[in-house]
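Chemist: The structure file target-v8.cif (mmCIF, C-alpha atoms) is provided below.
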```cif
data_work
#
loop_
_atom_site.label_atom_id
_atom_site.label_comp_id
_atom_site.auth_asym_id
_atom_site.auth_seq_id
_atom_site.Cartn_x
_atom_site.Cartn_y
_atom_site.Cartn_z
CA MET A 21 -4.23 -35.06 -0.02
CA ARG A 22 -0.80 -35.98 1.33
CA ARG A 23 1.97 -36.27 -1.18
CA LYS A 24 4.19 -39.33 -1.36
CA ALA A 25 7.21 -39.33 0.92
CA ASN A 26 9.84 -38.92 -1.77
CA THR A 27 7.90 -36.93 -4.34
CA LEU A 28 9.40 -33.52 -5.01
CA VAL A 29 7.20 -30.53 -5.77
CA SER A 30 8.26 -28.00 -8.38
CA LEU A 31 9.68 -25.59 -5.77
CA GLU A 32 11.86 -28.33 -4.31
CA VAL A 33 13.12 -29.29 -7.77
CA ALA A 34 13.83 -25.61 -8.45
CA ILE A 35 15.77 -25.36 -5.18
CA LEU A 36 17.85 -28.38 -6.14
CA GLY A 37 18.46 -26.75 -9.54
CA GLY A 38 19.49 -23.54 -7.83
CA SER A 39 21.79 -25.49 -5.51
CA VAL A 40 23.49 -27.04 -8.53
CA GLU A 41 23.94 -23.58 -9.93
CA PHE A 42 25.62 -22.46 -6.71
CA VAL A 43 28.02 -25.40 -7.04
CA ARG A 44 28.78 -24.56 -10.66
CA SER A 45 29.37 -20.92 -9.85
CA GLY A 46 31.99 -22.00 -7.32
CA GLU A 47 30.11 -20.71 -4.29
CA GLY A 48 28.96 -24.16 -3.24
CA GLU A 49 27.03 -23.02 -0.19
CA PHE A 50 24.09 -20.66 -0.04
CA HIS A 51 21.80 -19.15 2.58
CA GLY A 52 18.01 -18.98 2.49
CA TYR A 53 17.70 -15.48 1.12
CA ALA A 54 20.29 -16.16 -1.60
CA MET A 55 18.19 -19.11 -2.73
CA ALA A 56 15.03 -16.96 -2.71
CA ARG A 57 16.79 -14.43 -4.95
CA THR A 58 18.07 -17.18 -7.27
CA LEU A 59 14.60 -18.69 -7.58
CA ARG A 60 13.14 -15.28 -8.38
CA ASP A 61 15.77 -14.53 -11.00
CA GLU A 62 15.53 -17.97 -12.61
CA ALA A 63 11.76 -17.74 -12.85
CA GLY A 64 11.89 -14.14 -14.05
CA ALA A 65 9.44 -13.33 -11.27
CA LYS A 66 9.09 -10.09 -9.36
CA ALA A 67 8.32 -11.51 -5.94
CA LEU A 68 10.59 -13.51 -3.69
CA THR A 69 9.35 -16.85 -2.35
CA GLY A 70 7.45 -16.53 0.94
CA HIS A 71 9.47 -17.19 4.07
CA GLY A 72 7.39 -20.14 5.22
CA THR A 73 7.26 -21.72 1.77
CA LEU A 74 11.02 -21.44 1.27
CA TYR A 75 12.21 -22.65 4.65
CA ARG A 76 9.71 -25.49 4.81
CA ALA A 77 10.96 -26.69 1.42
CA LEU A 78 14.61 -26.35 2.50
CA GLU A 79 13.92 -28.31 5.66
CA ARG A 80 12.13 -31.07 3.76
CA LEU A 81 15.00 -31.37 1.28
CA GLU A 82 17.41 -31.60 4.19
CA LYS A 83 15.32 -34.30 5.84
CA LEU A 84 15.31 -36.23 2.56
CA GLY A 85 19.11 -36.02 2.55
CA PHE A 86 19.21 -33.90 -0.63
CA LEU A 87 20.61 -30.85 1.15
CA ALA A 88 22.86 -30.47 4.17
CA SER A 89 23.27 -27.37 6.28
CA ARG A 90 25.51 -25.82 8.92
CA TRP A 91 25.53 -22.59 10.87
CA GLU A 92 28.43 -20.40 9.87
CA ASP A 93 31.16 -19.44 12.30
CA PRO A 94 29.69 -16.80 14.66
CA ALA A 95 32.97 -14.86 14.44
CA VAL A 96 32.46 -14.36 10.69
CA ALA A 97 28.96 -13.00 11.20
CA ALA A 98 30.11 -10.81 14.08
CA GLY A 99 32.97 -9.52 11.95
CA GLU A 100 30.52 -8.47 9.23
CA GLN A 101 28.04 -7.15 11.81
CA ARG A 102 25.12 -9.23 10.59
CA PRO A 103 23.05 -12.17 11.85
CA MET A 104 24.53 -15.63 11.50
CA ARG A 105 23.71 -17.41 8.26
CA ARG A 106 22.55 -20.98 7.92
CA LEU A 107 24.46 -22.30 4.94
CA TYR A 108 23.11 -25.09 2.75
CA HIS A 109 24.77 -27.23 0.12
CA ILE A 110 23.51 -29.96 -2.15
CA THR A 111 24.49 -33.56 -1.35
CA ALA A 112 25.32 -36.38 -3.76
CA ALA A 113 21.81 -37.74 -3.21
CA GLY A 114 20.46 -34.30 -4.02
CA GLN A 115 22.45 -34.19 -7.24
CA GLN A 116 21.00 -37.57 -8.22
CA ALA A 117 17.47 -36.43 -7.33
CA TRP A 118 17.94 -33.29 -9.42
CA GLU A 119 19.21 -35.34 -12.37
CA ALA A 120 16.26 -37.71 -12.07
CA ALA A 121 13.83 -34.80 -11.87
CA ALA A 122 15.42 -33.13 -14.88
CA GLU A 123 15.23 -36.39 -16.86
CA ALA A 124 11.57 -36.72 -16.01
CA ALA A 125 10.83 -33.11 -16.90
CA PRO A 126 9.14 -32.35 -20.21
CA ALA A 127 11.51 -31.79 -23.12
CA GLU A 128 10.72 -28.09 -23.22
CA ALA A 129 11.68 -27.59 -19.60
CA ARG A 130 14.79 -29.66 -20.16
CA GLY A 131 15.71 -27.48 -23.10
CA ARG A 132 15.39 -24.36 -20.93
CA ALA A 133 17.53 -25.97 -18.26
CA LEU A 134 20.18 -26.95 -20.79
CA LYS A 135 20.22 -23.42 -22.14
CA LYS A 136 20.91 -22.15 -18.64
CA GLY A 137 23.51 -24.83 -18.04
CA LEU A 138 21.42 -26.31 -15.27
CA ALA A 139 20.58 -29.70 -16.73
CA PRO A 140 22.78 -32.64 -15.83
CA SER A 141 25.51 -33.29 -18.35
CA MET B 256 16.19 1.46 7.68
CA SER B 257 12.82 3.23 7.53
CA ALA B 258 10.20 2.94 10.23
CA TRP B 259 7.99 1.01 7.80
CA THR B 260 10.75 -1.49 6.92
CA SER B 261 11.55 -1.85 10.60
CA ALA B 262 7.88 -2.42 11.40
CA ALA B 263 7.60 -5.00 8.59
CA SER B 264 10.63 -6.88 9.96
CA GLN B 265 9.27 -6.71 13.48
CA LEU B 266 5.91 -7.97 12.31
CA THR B 267 7.59 -10.93 10.64
CA ARG B 268 9.66 -11.66 13.77
CA SER B 269 6.49 -11.49 15.86
CA TRP B 270 4.77 -13.94 13.55
CA VAL B 271 7.74 -16.31 13.77
CA ALA B 272 7.70 -15.96 17.56
CA ALA B 273 3.98 -16.76 17.55
CA TYR B 274 4.06 -19.89 15.41
CA THR B 275 7.19 -21.27 17.05
CA LEU B 276 5.81 -20.71 20.55
CA GLY B 277 5.96 -23.90 22.56
CA LEU B 278 8.41 -25.72 20.34
CA ALA B 279 11.64 -27.19 21.65
CA SER B 280 14.10 -24.34 22.11
CA THR B 281 16.56 -25.71 19.52
CA VAL B 282 13.88 -25.86 16.81
CA ARG B 283 12.44 -22.50 17.77
CA GLU B 284 15.78 -20.72 17.89
CA ALA B 285 16.92 -22.21 14.58
CA ARG B 286 13.83 -20.92 12.80
CA ARG B 287 13.99 -17.49 14.46
CA ARG B 288 17.67 -17.05 13.65
CA GLU B 289 17.18 -18.15 10.08
CA ILE B 290 14.35 -15.70 9.49
CA SER B 291 16.32 -12.90 11.19
CA SER B 292 19.21 -13.60 8.86
CA ASP B 293 16.87 -13.65 5.86
CA LEU B 294 15.33 -10.31 6.85
CA TRP B 295 18.75 -8.72 7.20
CA GLU B 296 19.99 -10.07 3.85
CA HIS B 297 16.74 -9.03 2.16
CA GLN B 298 17.04 -5.45 3.38
CA GLN B 299 20.72 -5.17 2.48
CA ASP B 300 20.20 -6.69 -0.96
CA ALA B 301 17.16 -4.56 -1.78
CA ALA B 302 18.84 -1.39 -0.52
CA SER B 303 21.93 -2.08 -2.65
CA ASP B 304 19.61 -2.50 -5.68
CA GLY B 305 18.20 0.94 -5.00
CA THR B 306 14.77 -0.43 -4.07
CA ARG B 307 12.61 2.13 -2.34
CA LEU B 308 12.32 1.60 1.42
CA GLY B 309 8.54 1.37 1.20
CA ALA B 310 8.80 -1.38 -1.41
CA ILE B 311 11.24 -3.33 0.78
CA GLY B 312 8.79 -3.27 3.69
CA LEU B 313 5.96 -4.32 1.40
CA SER B 314 8.04 -7.17 0.01
CA ILE B 315 8.87 -8.39 3.53
CA VAL B 316 5.23 -8.36 4.60
CA SER B 317 4.21 -10.03 1.34
CA ARG B 318 6.73 -12.84 1.88
CA MET B 319 5.50 -13.31 5.43
CA VAL B 320 1.84 -13.44 4.42
CA ARG B 321 2.42 -15.78 1.46
CA GLY B 322 4.41 -18.10 3.71
CA ILE B 323 1.77 -18.35 6.45
CA PRO B 324 0.07 -21.53 5.14
CA ALA B 325 3.46 -23.25 4.88
CA ASP B 326 4.42 -21.99 8.35
CA LEU B 327 1.27 -23.51 9.81
CA LEU B 328 1.84 -26.80 7.99
CA TRP B 329 5.44 -26.81 9.19
CA ARG B 330 4.31 -26.19 12.74
CA THR B 331 1.79 -29.02 12.51
CA ASN B 332 4.48 -31.42 11.35
CA VAL B 333 6.96 -30.31 14.00
CA GLU B 334 4.52 -30.78 16.86
CA GLY B 335 4.70 -33.99 18.80
CA PRO B 336 7.75 -35.40 20.48
CA GLN B 337 9.74 -32.22 19.86
CA MET B 338 7.17 -30.00 21.48
CA ASP B 339 7.79 -28.77 24.99
CA ILE B 340 4.10 -28.51 25.61
CA ARG B 341 3.78 -27.95 29.34
CA ILE B 342 4.74 -24.32 29.91
CA PRO B 343 3.14 -22.84 26.80
CA PHE B 344 0.17 -25.17 27.11
CA GLU B 345 -0.73 -23.73 30.48
CA ARG B 346 -0.05 -20.19 29.44
CA ILE B 347 -2.06 -20.57 26.25
CA VAL B 348 -5.03 -21.97 28.16
CA GLY B 349 -4.63 -19.22 30.77
CA GLY B 350 -4.51 -16.55 28.08
CA LEU B 351 -7.62 -17.97 26.43
CA LEU B 352 -9.48 -18.00 29.73
CA ILE B 353 -8.56 -14.39 30.43
CA GLY B 354 -9.58 -13.53 26.86
CA MET B 355 -12.95 -15.10 27.62
CA VAL B 356 -13.38 -12.70 30.55
CA VAL B 357 -13.30 -9.84 28.06
CA LEU B 358 -15.66 -11.65 25.71
CA MET B 359 -18.11 -12.38 28.50
CA VAL B 360 -18.05 -8.79 29.70
CA ILE B 361 -18.69 -7.55 26.16
CA THR B 362 -21.45 -10.10 25.63
CA GLY B 363 -23.10 -9.18 28.91
CA ALA B 364 -22.61 -5.44 28.56
CA ILE B 365 -24.05 -5.08 25.07
CA SER B 366 -27.62 -5.66 26.06
CA GLY B 367 -30.04 -4.02 28.42
CA TYR B 368 -32.78 -2.72 26.14
CA ASP B 369 -36.02 -1.86 27.82
CA THR B 370 -38.36 -4.06 25.83
CA SER B 371 -41.45 -3.45 27.97
CA ARG B 372 -44.47 -2.25 25.97
CA GLU B 373 -44.82 0.99 27.88
CA GLY B 374 -41.35 2.38 27.40
CA PHE B 375 -40.43 0.85 24.09
CA GLU B 376 -41.11 3.81 21.83
CA SER B 377 -38.79 6.02 23.85
CA GLU B 378 -36.24 3.19 23.64
CA LEU B 379 -36.41 3.38 19.82
CA VAL B 380 -35.92 7.15 19.94
CA ARG B 381 -32.98 6.74 22.31
CA LEU B 382 -31.35 4.13 20.07
CA ALA B 383 -31.84 6.23 16.93
CA SER B 384 -30.25 9.22 18.66
CA LEU B 385 -27.08 7.33 19.57
CA GLY B 386 -25.47 7.96 16.20
CA SER B 387 -24.00 5.58 13.66
CA TRP B 388 -20.63 5.16 15.45
CA SER B 389 -22.26 3.82 18.56
CA ASP B 390 -24.76 1.69 16.62
CA ASN B 391 -22.16 0.21 14.32
CA GLY B 392 -19.75 -0.21 17.22
CA ASN B 393 -22.30 -2.25 19.09
CA ALA B 394 -22.90 -4.57 16.15
CA PHE B 395 -19.17 -4.72 15.43
CA PHE B 396 -18.34 -5.76 19.00
CA ARG B 397 -20.93 -8.50 18.84
CA PHE B 398 -19.52 -9.71 15.52
CA ALA B 399 -15.92 -9.54 16.78
CA THR B 400 -16.91 -11.34 19.96
CA GLY B 401 -18.49 -14.10 17.88
CA LEU B 402 -15.32 -14.53 15.84
CA ALA B 403 -13.12 -14.42 18.94
CA LEU B 404 -15.25 -17.08 20.57
CA ILE B 405 -14.71 -19.34 17.56
CA GLY B 406 -10.96 -18.77 18.01
CA ALA B 407 -11.21 -19.49 21.74
CA ALA B 408 -13.16 -22.69 21.04
CA ALA B 409 -10.53 -23.89 18.57
CA GLY B 410 -7.66 -22.89 20.88
CA LEU B 411 -9.08 -24.51 23.98
CA TYR B 412 -10.05 -27.68 22.15
CA THR B 413 -6.59 -27.99 20.61
CA SER B 414 -4.90 -27.29 23.94
CA LEU B 415 -7.06 -29.51 26.12
CA ARG B 416 -8.08 -32.43 23.91
CA GLY B 417 -5.02 -34.37 25.03
CA ARG B 418 -6.22 -34.15 28.64
CA SER B 419 -9.84 -35.06 28.08
CA PRO B 420 -11.19 -35.30 24.53
CA ALA B 421 -14.82 -35.49 25.64
CA LEU B 422 -14.77 -32.55 28.06
CA ALA B 423 -12.65 -30.45 25.69
CA ALA B 424 -15.15 -31.14 22.89
CA ILE B 425 -18.13 -30.24 25.09
CA ALA B 426 -16.49 -26.99 26.24
CA ALA B 427 -15.52 -26.08 22.68
CA PHE B 428 -19.02 -26.90 21.45
CA GLY B 429 -20.51 -24.59 24.10
CA LEU B 430 -18.21 -21.80 22.95
CA LEU B 431 -19.11 -22.41 19.32
CA VAL B 432 -22.81 -22.22 20.13
CA ALA B 433 -22.17 -18.94 21.98
CA ALA B 434 -20.19 -17.71 18.97
CA VAL B 435 -22.98 -18.49 16.51
CA LEU B 436 -25.51 -16.82 18.81
CA GLU B 437 -23.32 -13.72 19.05
CA LEU B 438 -23.05 -13.55 15.26
CA VAL B 439 -26.83 -13.88 14.99
CA ALA B 440 -27.21 -11.18 17.67
CA SER B 441 -24.88 -8.96 15.66
CA SER B 442 -27.14 -9.24 12.60
CA LEU B 443 -30.29 -8.74 14.64
CA GLN B 444 -28.70 -5.71 16.28
CA MET B 445 -28.19 -4.09 12.89
CA VAL B 446 -31.81 -4.81 11.95
CA PHE B 447 -32.96 -3.30 15.24
CA VAL B 448 -30.93 -0.13 14.70
CA GLN B 449 -32.31 0.15 11.17
CA LEU B 450 -35.86 -0.17 12.47
CA ALA B 451 -35.19 2.48 15.16
CA ASN B 452 -33.94 4.88 12.49
CA GLU B 453 -36.96 4.15 10.30
CA TYR B 454 -39.21 4.75 13.31
CA VAL B 455 -37.91 8.27 14.03
CA GLN B 456 -37.96 9.21 10.34
CA ALA B 457 -41.46 7.85 9.65
CA PRO B 458 -44.56 10.07 9.82
CA ALA B 459 -46.48 9.74 13.09
CA SER B 460 -49.23 7.77 11.35
CA GLU B 461 -46.79 5.03 10.30
CA GLN B 462 -44.71 4.86 13.46
CA ALA B 463 -47.14 2.63 15.33
CA SER B 464 -46.93 -0.08 12.66
CA LEU B 465 -43.13 -0.34 13.09
CA VAL B 466 -43.19 -0.79 16.85
CA PRO B 467 -44.30 -4.46 17.06
CA THR B 468 -41.62 -5.58 14.59
CA ALA B 469 -38.91 -3.54 16.31
CA ARG B 470 -39.94 -4.88 19.71
CA ALA B 471 -39.87 -8.45 18.43
CA VAL B 472 -36.36 -7.90 17.08
CA ALA B 473 -35.23 -6.26 20.34
CA ILE B 474 -36.56 -9.20 22.32
CA ALA B 475 -34.78 -11.57 19.92
CA VAL B 476 -31.52 -9.64 20.49
CA GLU B 477 -31.98 -9.90 24.25
CA GLN B 478 -32.82 -13.58 24.18
CA THR B 479 -30.03 -14.44 21.77
CA THR B 480 -27.53 -12.61 23.98
CA GLY B 481 -28.92 -14.36 27.04
CA ALA B 482 -28.60 -17.73 25.34
CA ALA B 483 -25.01 -16.89 24.35
CA LEU B 484 -24.19 -16.04 27.97
CA PHE B 485 -25.84 -19.26 29.12
CA SER B 486 -23.76 -21.25 26.64
CA LEU B 487 -20.60 -19.41 27.73
CA LEU B 488 -21.29 -20.20 31.36
CA ALA B 489 -21.93 -23.85 30.55
CA SER B 490 -18.54 -23.96 28.82
CA ILE B 491 -16.91 -22.37 31.84
CA TYR B 492 -18.33 -25.06 34.12
CA VAL B 493 -17.01 -27.80 31.85
CA LEU B 494 -13.61 -26.09 31.67
CA ALA B 495 -13.62 -25.79 35.47
CA VAL B 496 -14.22 -29.53 35.83
CA LEU B 497 -11.54 -30.35 33.25
CA THR B 498 -8.84 -28.07 34.65
CA GLY B 499 -9.65 -29.07 38.23
CA ARG B 500 -9.58 -32.77 37.42
CA GLU B 501 -6.23 -32.39 35.67
CA ASN B 502 -4.76 -30.39 38.58
CA LEU B 503 -4.08 -27.48 36.24
CA VAL B 504 -5.68 -25.15 38.77
CA PRO B 505 -6.05 -25.60 42.56
CA ARG B 506 -8.84 -27.95 43.59
CA TRP B 507 -10.43 -25.37 45.88
CA LEU B 508 -11.13 -23.21 42.85
CA ILE B 509 -13.91 -25.58 41.77
CA GLY B 510 -16.02 -23.97 44.51
CA VAL B 511 -16.29 -20.73 42.52
CA PRO B 512 -18.05 -22.19 39.45
CA MET B 513 -20.24 -24.28 41.77
CA ILE B 514 -21.38 -21.10 43.51
CA SER B 515 -21.80 -19.47 40.09
CA ALA B 516 -23.94 -22.35 38.83
CA GLY B 517 -26.03 -22.32 42.01
CA LEU B 518 -26.70 -18.59 41.76
CA PHE B 519 -27.29 -18.57 38.00
CA PHE B 520 -29.73 -21.47 37.95
CA GLY B 521 -31.32 -20.21 41.18
CA GLY B 522 -31.98 -16.92 39.40
CA LEU B 523 -33.47 -18.70 36.40
CA ILE B 524 -35.72 -20.84 38.61
CA GLY B 525 -36.76 -17.72 40.52
CA GLU B 526 -37.73 -16.06 37.26
CA VAL B 527 -39.79 -19.06 36.17
CA ALA B 528 -41.40 -19.18 39.61
CA GLY B 529 -42.40 -15.54 39.30
CA ALA B 530 -40.04 -14.00 41.86
CA GLY B 531 -39.40 -10.26 41.65
CA ASP B 532 -37.44 -8.99 38.65
CA ASP B 533 -34.87 -7.19 40.77
CA ALA B 534 -34.18 -10.20 42.96
CA THR B 535 -33.77 -12.62 40.04
CA TRP B 536 -31.62 -10.11 38.14
CA ILE B 537 -29.30 -9.70 41.15
CA VAL B 538 -28.99 -13.45 41.73
CA THR B 539 -28.43 -14.24 38.02
CA GLY B 540 -25.95 -11.38 37.72
CA ALA B 541 -24.06 -12.64 40.78
CA GLY B 542 -23.85 -16.06 39.07
CA LEU B 543 -22.35 -14.43 35.99
CA VAL B 544 -19.86 -12.47 38.08
CA ALA B 545 -18.79 -15.65 39.90
CA GLY B 546 -18.26 -17.33 36.50
CA LEU B 547 -16.12 -14.39 35.43
CA LEU B 548 -14.21 -14.60 38.69
CA TRP B 549 -13.34 -18.22 38.02
CA LEU B 550 -12.18 -17.39 34.49
CA LEU B 551 -10.00 -14.59 35.82
CA ILE B 552 -8.42 -16.54 38.70
CA ALA B 553 -7.90 -19.71 36.64
CA GLY B 554 -6.49 -17.72 33.72
CA LEU B 555 -4.05 -15.79 35.89
CA TRP B 556 -3.10 -18.95 37.77
CA LEU B 557 -2.26 -20.82 34.57
CA MET B 558 -0.37 -17.91 33.10
CA PHE B 559 1.71 -16.79 36.04
CA THR B 560 2.17 -19.59 38.56
CA PRO B 561 5.06 -22.01 38.23
CA ARG B 562 4.41 -25.01 36.06
CA ALA B 563 1.48 -26.94 37.47
CA ALA B 564 1.98 -30.66 37.86
CA SER B 565 -0.82 -32.00 35.73
CA LYS B 566 -2.33 -35.38 36.28
CA SER B 567 -1.47 -36.45 32.76
CA ALA B 568 2.11 -35.25 33.10
CA ALA B 569 2.45 -36.98 36.45
CA THR B 570 1.04 -40.19 34.97
CA ALA B 571 3.42 -39.94 32.04
CA ALA B 572 6.36 -39.33 34.39
CA ALA B 573 5.38 -42.29 36.54
CA GLY B 574 5.09 -44.46 33.43
CA ALA B 575 8.50 -43.37 32.22
CA ALA B 576 10.03 -44.11 35.64
#
```
Starting from the file, give its structure as structure tokens.
Modeler:
Amino acid sequence: MRRKANTLVSLEVAILGGSVEFVRSGEGEFHGYAMARTLRDEAGAKALTGHGTLYRALERLEKLGFLASRWEDPAVAAGEQRPMRRLYHITAAGQQAWEAAAEAAPAEARGRALKKGLAPS
Amino acid sequence: MSAWTSAASQLTRSWVAAYTLGLASTVREARRREISSDLWEHQQDAASDGTRLGAIGLSIVSRMVRGIPADLLWRTNVEGPQMDIRIPFERIVGGLLIGMVVLMVITGAISGYDTSREGFESELVRLASLGSWSDNGNAFFRFATGLALIGAAAGLYTSLRGRSPALAAIAAFGLLVAAVLELVASSLQMVFVQLANEYVQAPASEQASLVPTARAVAIAVEQTTGAALFSLLASIYVLAVLTGRENLVPRWLIGVPMISAGLFFGGLIGEVAGAGDDATWIVTGAGLVAGLLWLLIAGLWLMFTPRAASKSAATAAAGAA
């Protein structure tokens, strides 16, 4: 069954939550692996999200206008002798979607989010 | 980086290369770069945490495997206007045709039991003496061929349905029938081997009672394999018509499957008419070889010649102009 165009699945909501956390921590932007690590740590899980699952969700959020991305300056990557990163950041629409999702979440989940400082103020 | 971690990363890169094959270069490169970056970050992060190298490799493979369904869904959604279908399309079809050469050779080669009444008991002894590796290998190849034929049917139908839905469906159906027959032959083969082993282990007084059943199974194996080959050849003829009509392969190449069909059906008619076994076998075999020859030439042509101007592409170009 196809899901509705603007319906977010739990992973996508979690990514938006993680993106908010990156903003609050002052980093603002994040790359795919950093998000996978954040999701793992937030969920208290052992395994990182699968590549396909993660990047498909990131792409969908970008298409919905909730995330935006850019490729970092190649000189920076070359200077650090590593592959170029694709850096994502949450948009204003993404912030609103995250707030709406957090409002709609059950009270228990909202309480957990508040405890972690993730819920909208 | 350990060899295992390196192999895990390479496996993931290969998988990304496989499922992005044929996409527009910008889309393909973006995905490949992003995964390469992820793999690098993952290894650095895990190594700095003191994770064992073996566990890092396992984690990479696990992420790749768990992401496969999403990768396939992503690929399905990306296909369409962004897909540069012509070059990979031809190469994919060519690769599948060449793959079918191998499948046909295996299908044809794994047969040849002497099921005549006179020599059948020695045939059972010969089969039982082959050893389990050879016996299991035979059944395994039949089984693997069946599965590969299902893959070839799906691949060719997906690749060619845009050119001619009806012909692509008929060709794929022929391959599916051949696949099912090969899987049945694989099971029958195992039964036959089991009966041969029982025959040599049974006391002389009980051996005779096993022979009719074993012979019936051997004949069933032979006929099932023959039917699979027939179905494969029928698919080849349909594929020859489709690829010729679409100018994917040179027009003159249609002569090869026509000769193949003439020889193969001539051999079958000769057998029905009671012609000599040797003559019908040679004529039918020549028909099979001609079918293989078409597969090989068409497959190599599609894979290695410059982009063929297909009828559909030409029509689309004319429409756009």
Chemist: Dump as a PyMOL selection string the residues of chain A that approach chain B to within 7 Å, counting all atoms listed in the file.
Modeler: chain A and resi 52-53+68-73+76+103-106
Chemist: Which residues are close to B:Thr468, i.e. within 10 Å by all atoms listed in the file, leaving aside same-chain residues fewer than 6 positions away? Reply as JSON, numbers by chain.
Modeler: {"B": [447, 450, 474]}
Chemist: Got time to write the residues from that selection, C-alpha atoms, as an mmCIF file, in the coordinates of the input?
Modeler:
```cif
data_model
loop_
_atom_site.group_PDB
_atom_site.id
_atom_site.type_symbol
_atom_site.label_atom_id
_atom_site.label_comp_id
_atom_site.auth_asym_id
_atom_site.auth_seq_id
_atom_site.Cartn_x
_atom_site.Cartn_y
_atom_site.Cartn_z
ATOM 1 C CA PHE B 447 -32.960 -3.300 15.240
ATOM 2 C CA LEU B 450 -35.860 -0.170 12.470
ATOM 3 C CA ILE B 474 -36.560 -9.200 22.320
#
```
Chemist: Quote the spacing between atom CA of B:Leu411 and atom CA of B:Val282 in Å to one decimal place.
Modeler: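 If I compute the distance from atom CA of B:Leu411 to atom CA of B:Val282, I get 24.1 Å.
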Chemist: Atom CA of B:Val511 and atom CA of B:Ile552, how far apart in Å?
Modeler: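 It comes out at 9.7 Å.
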Chemist: Nearest to B:Gly521 among B:Gly417, B:Gly540, B:Gly554, B:Gly350, with distances taken over all atoms listed in the file: which residue is it?
Modeler: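 When distances to B:Gly521 are compared using all atoms listed in the file, the smallest one comes from B:Gly540.
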Chemist: Nearest residue to B:Leu543 out of B:Thr400, B:Gly531, B:Leu503, B:Val356, using only C-alpha atoms?
Modeler: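 Looking at the shortest contact to B:Leu543, the residue is B:Val356.
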Chemist: What residues come out when you apply the PyMOL selection byres ((chain B and resi 408) around 8) to this file, written as a short mmCIF file (atom, residue, chain, number, x, y, z; two decimals) with C-alpha atoms, in the frame of the given file?
Modeler:
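Saved to result-v4.cif:
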```
data_model
loop_
_atom_site.label_atom_id
_atom_site.label_comp_id
_atom_site.auth_asym_id
_atom_site.auth_seq_id
_atom_site.Cartn_x
_atom_site.Cartn_y
_atom_site.Cartn_z
CA LEU B 404 -15.25 -17.08 20.57
CA ILE B 405 -14.71 -19.34 17.56
CA GLY B 406 -10.96 -18.77 18.01
CA ALA B 407 -11.21 -19.49 21.74
CA ALA B 409 -10.53 -23.89 18.57
CA GLY B 410 -7.66 -22.89 20.88
CA LEU B 411 -9.08 -24.51 23.98
CA TYR B 412 -10.05 -27.68 22.15
CA ALA B 426 -16.49 -26.99 26.24
CA ALA B 427 -15.52 -26.08 22.68
CA PHE B 428 -19.02 -26.90 21.45
CA LEU B 430 -18.21 -21.80 22.95
CA LEU B 431 -19.11 -22.41 19.32
#
```
Chemist: Can you tell me, as a list in words, what residues are no more than 6 Å from A:Leu107 when counting only C-alpha atoms, ignoring any on the same chain fewer than 3 positions away?
Modeler: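 What passes the distance filter is Glu49, Phe50, His51, Ser89 and Arg90 of chain A.
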Chemist: Record the distance separating atom CA of B:Ala310 and atom CA of A:Gln101, expressed in Å with one decimal.
Modeler: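 Computing it gives 24.0 Å between the two atoms.
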Chemist: Skip stretch 456-466 of chain B itself and residues of its chain fewer than 6 positions away, then list as an MDAnalysis selection string all residues within 12 Å of it, counting only C-alpha atoms.
Modeler: chainID B and resid 370:380 383:384 447 449:450 472:473
Chemist: Within 10 Å of B:Gln478, counting only C-alpha atoms, which residues qualify if same-chain residues fewer than 5 places away don't, as a VMD selection string?
Modeler: chain B and resid 366 436 440 472 to 473 483 to 484
Chemist: Within 8 Å of B:Gly401, counting all atoms listed in the file, which residues qualify if same-chain residues fewer than 6 places away don't, as a ChimeraX atom specification?
Modeler: /B:433-438
Chemist: Now that the selection is made, can you save its residues with C-alpha atoms as a short mmCIF file (atom, residue, chain, number, x, y, z; two decimals), in the frame of the given file?
Modeler:
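selection04.cif, written as the output of this step:
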```
data_model
loop_
_atom_site.label_atom_id
_atom_site.label_comp_id
_atom_site.auth_asym_id
_atom_site.auth_seq_id
_atom_site.Cartn_x
_atom_site.Cartn_y
_atom_site.Cartn_z
CA ALA B 433 -22.17 -18.94 21.98
CA ALA B 434 -20.19 -17.71 18.97
CA VAL B 435 -22.98 -18.49 16.51
CA LEU B 436 -25.51 -16.82 18.81
CA GLU B 437 -23.32 -13.72 19.05
CA LEU B 438 -23.05 -13.55 15.26
#
```
Chemist: Find the residue from A:Ala124, A:Arg102, A:Glu92, A:Met55 that sits nearest to A:Leu36; use all atoms listed in the file when measuring.
Modeler: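 For A:Leu36, the nearest of the candidates is A:Met55.
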Chemist: Applied to this file, what does the PyMOL selection byres ((chain A and resi 31) around 10) return in terms of residues, put as a PyMOL selection string?
Modeler: chain A and resi 28-30+32-37+59+69+73-74+77-78
